[in-house]
Amino acid sequence: MDAVIRPLEQSDIRAVQQVAQQSWHHTYEGVIPRHIQDTFLTEAYSDLNMQRRLDRGGVWVAENQDGIVGFANLTPVNDEGEAELVAIYILPHHIGFGIGTKLLQSGVSQLKGLQRLYVEVEKENEVGLKFYEAKGFNVLKEYDDVFAGHTLKTLQMVKDYEEV
C-alpha cells in the first residue's frame, strides 16, 4: 500500500474530487447531514476551484497501484511563518498505512520558513483528531462553526516547527 507523493497535476483533478467525496462521506457520516456534505463538495471541489488549487500549488497527491488514494492541500507560508493545512484526505480503505504521514511530511518539506502549521478539525472526526495529535499538533481553541446551517464543534490545532 506504499504510495508515491507528488504535486497535483491536471490529470489528477477527477481522482482528487473522488477522494474528497468518498473521504467526506466516510468521515462525516452521522456528523454532517449528507445533503450538506454534497453541497460543500460540489462547491469546494468544483472544476474551477480545483483549477485554482492547481494554479496556486500546495496540493500533493498520494498515488499507488490503485491510482490516487489521497491528497493534502497546504497554504503558502505567510510573513509570520504561518501556514494552514487546509485538507488532508485518504480513501477509507487506505487509512492506517502511513499515507497521511507521507503527505503531511512532503507538504511541510516544501514550506520554506514554516514556524507554525494550523489545522482545523471537526471534534467528532476521531480519526483526524488522533492523526493530528500523533503528529504533534496541540489544540489552541474549540469553537462552534456554522457550516451551511449545521453547527459543528471545531478544534483549531497548531504545530510549531523549528526554523531551518
# chains A, B, ... in the order shown; residues from 1 in each chain; ligands from 1

$ residues_around --residues "Phe137 in chain A" --least-positions-apart "2" --cutoff "6 Å" --atoms "only C-alpha atoms" --output "MDAnalysis selection string"
chainID A and resid 132:133 135 157:159

$ write_last_selection --atoms "C-alpha atoms" --output "mmCIF file, in the first residue's frame"
data_model
loop_
_atom_site.group_PDB
_atom_site.id
_atom_site.type_symbol
_atom_site.label_atom_id
_atom_site.label_comp_id
_atom_site.auth_asym_id
_atom_site.auth_seq_id
_atom_site.Cartn_x
_atom_site.Cartn_y
_atom_site.Cartn_z
ATOM 1 C CA TYR A 132 -3.035 15.337 14.298
ATOM 2 C CA GLU A 133 -2.303 14.597 17.959
ATOM 3 C CA LYS A 135 1.883 14.295 14.624
ATOM 4 C CA MET A 157 -4.835 22.932 16.315
ATOM 5 C CA VAL A 158 -1.256 24.068 15.789
ATOM 6 C CA LYS A 159 2.176 22.523 15.476
#

$ residues_around --residues "Asp79 in chain A" --least-positions-apart "6" --cutoff "12 Å" --atoms "only C-alpha atoms" --output "list in words"
Lys112, Gly113, Leu114, Gln115 and Arg116 of chain A

$ residues_around --residues "Trp60 in chain A" --least-positions-apart "6" --cutoff "6 Å" --atoms "only C-alpha atoms" --output "list in words"
Arg6, Pro7, Leu8, Phe71 and Ala72 of chain A

$ write_last_selection --atoms "N, CA and C atoms" --output "compact mmCIF listing (two decimals), in the first residue's frame"
# COMPACT_ATOMS: atom_id res chain seq x y z
N ARG A 6 3.52 13.26 -4.84
CA ARG A 6 3.96 14.19 -5.88
C ARG A 6 2.97 15.35 -5.97
N PRO A 7 3.38 16.46 -6.62
CA PRO A 7 2.46 17.59 -6.79
C PRO A 7 1.26 17.20 -7.66
N LEU A 8 0.15 17.87 -7.40
CA LEU A 8 -1.06 17.70 -8.19
C LEU A 8 -0.81 18.07 -9.65
N PHE A 71 -4.77 13.00 -0.78
CA PHE A 71 -4.19 14.30 -1.14
C PHE A 71 -4.11 15.18 0.09
N ALA A 72 -3.24 16.17 -0.01
CA ALA A 72 -3.11 17.19 1.04
C ALA A 72 -3.00 18.55 0.36

$ closest_residue --among "A:Val59, A:Leu91, A:Leu48, A:Ile36" --to "Gln22 in chain A" --atoms "only C-alpha atoms"
A:Leu91

$ select_by_dssp --residues "chain A" --states "alpha helix (DSSP H)" --output "PyMOL selection string"
chain A and resi 13-28+34-44+47-56+99-109+126-134

$ closest_residue --among "A:Asp2, A:Glu80, A:Glu162, A:Glu120" --to "Val139 in chain A" --atoms "only C-alpha atoms"
A:Glu120

$ closest_residue --among "A:Phe40, A:Tyr143, A:Tyr28, A:Tyr161" --to "Leu117 in chain A" --atoms "only C-alpha atoms"
A:Tyr161

$ select_by_dssp --residues "range 24-164 of chain A" --states "strand (DSSP E)" --output "PyMOL selection string"
chain A and resi 59-64+67-74+82-90+116-122+138-147+150-160

$ residues_around --residues "Val127 in chain A" --least-positions-apart "4" --cutoff "12 Å" --atoms "only C-alpha atoms" --output "ChimeraX atom specification"
/A:23,26-28,88-90,92,95-96,100,121-123,131-134

$ closest_residue --among "A:Ile13, A:Gly67, A:Pro33, A:Phe147" --to "Asn49 in chain A" --atoms "only C-alpha atoms"
A:Ile13

$ closest_residue --among "A:His25, A:Val77, A:Ala20, A:Ala148" --to "Gln110 in chain A" --atoms "only C-alpha atoms"
A:Val77

$ decode --residues "range 105-121 of chain A" --atoms "N, CA and C atoms" --output "compact mmCIF listing (two decimals), in the first residue's frame"
# COMPACT_ATOMS: atom_id res chain seq x y z
N GLN A 105 4.34 15.20 5.60
CA GLN A 105 5.78 15.45 5.58
C GLN A 105 6.22 16.06 4.24
N SER A 106 5.69 15.56 3.15
CA SER A 106 6.06 16.10 1.84
C SER A 106 5.61 17.54 1.68
N GLY A 107 4.40 17.83 2.11
CA GLY A 107 3.90 19.20 2.02
C GLY A 107 4.70 20.15 2.88
N VAL A 108 4.95 19.77 4.12
CA VAL A 108 5.68 20.62 5.05
C VAL A 108 7.11 20.86 4.54
N SER A 109 7.71 19.86 3.94
CA SER A 109 9.09 20.00 3.46
C SER A 109 9.22 21.06 2.36
N GLN A 110 8.11 21.40 1.72
CA GLN A 110 8.12 22.40 0.66
C GLN A 110 7.83 23.81 1.17
N LEU A 111 7.48 23.93 2.44
CA LEU A 111 7.10 25.22 3.01
C LEU A 111 8.30 25.89 3.67
N LYS A 112 9.01 26.66 2.91
CA LYS A 112 10.21 27.34 3.41
C LYS A 112 9.82 28.42 4.42
N GLY A 113 10.54 28.44 5.55
CA GLY A 113 10.29 29.44 6.58
C GLY A 113 9.13 29.11 7.50
N LEU A 114 8.61 27.88 7.43
CA LEU A 114 7.47 27.49 8.27
C LEU A 114 7.87 27.46 9.74
N GLN A 115 7.08 28.16 10.56
CA GLN A 115 7.27 28.13 12.01
C GLN A 115 6.08 27.52 12.73
N ARG A 116 4.86 27.75 12.17
CA ARG A 116 3.64 27.21 12.77
C ARG A 116 2.69 26.74 11.67
N LEU A 117 2.17 25.53 11.86
CA LEU A 117 1.19 24.99 10.93
C LEU A 117 -0.12 24.80 11.68
N TYR A 118 -1.18 25.40 11.15
CA TYR A 118 -2.51 25.32 11.75
C TYR A 118 -3.36 24.33 10.97
N VAL A 119 -4.31 23.74 11.66
CA VAL A 119 -5.31 22.89 11.04
C VAL A 119 -6.58 23.00 11.87
N GLU A 120 -7.71 22.90 11.20
CA GLU A 120 -8.99 22.84 11.89
C GLU A 120 -9.58 21.47 11.65
N VAL A 121 -10.10 20.88 12.72
CA VAL A 121 -10.67 19.54 12.63
C VAL A 121 -11.99 19.51 13.40
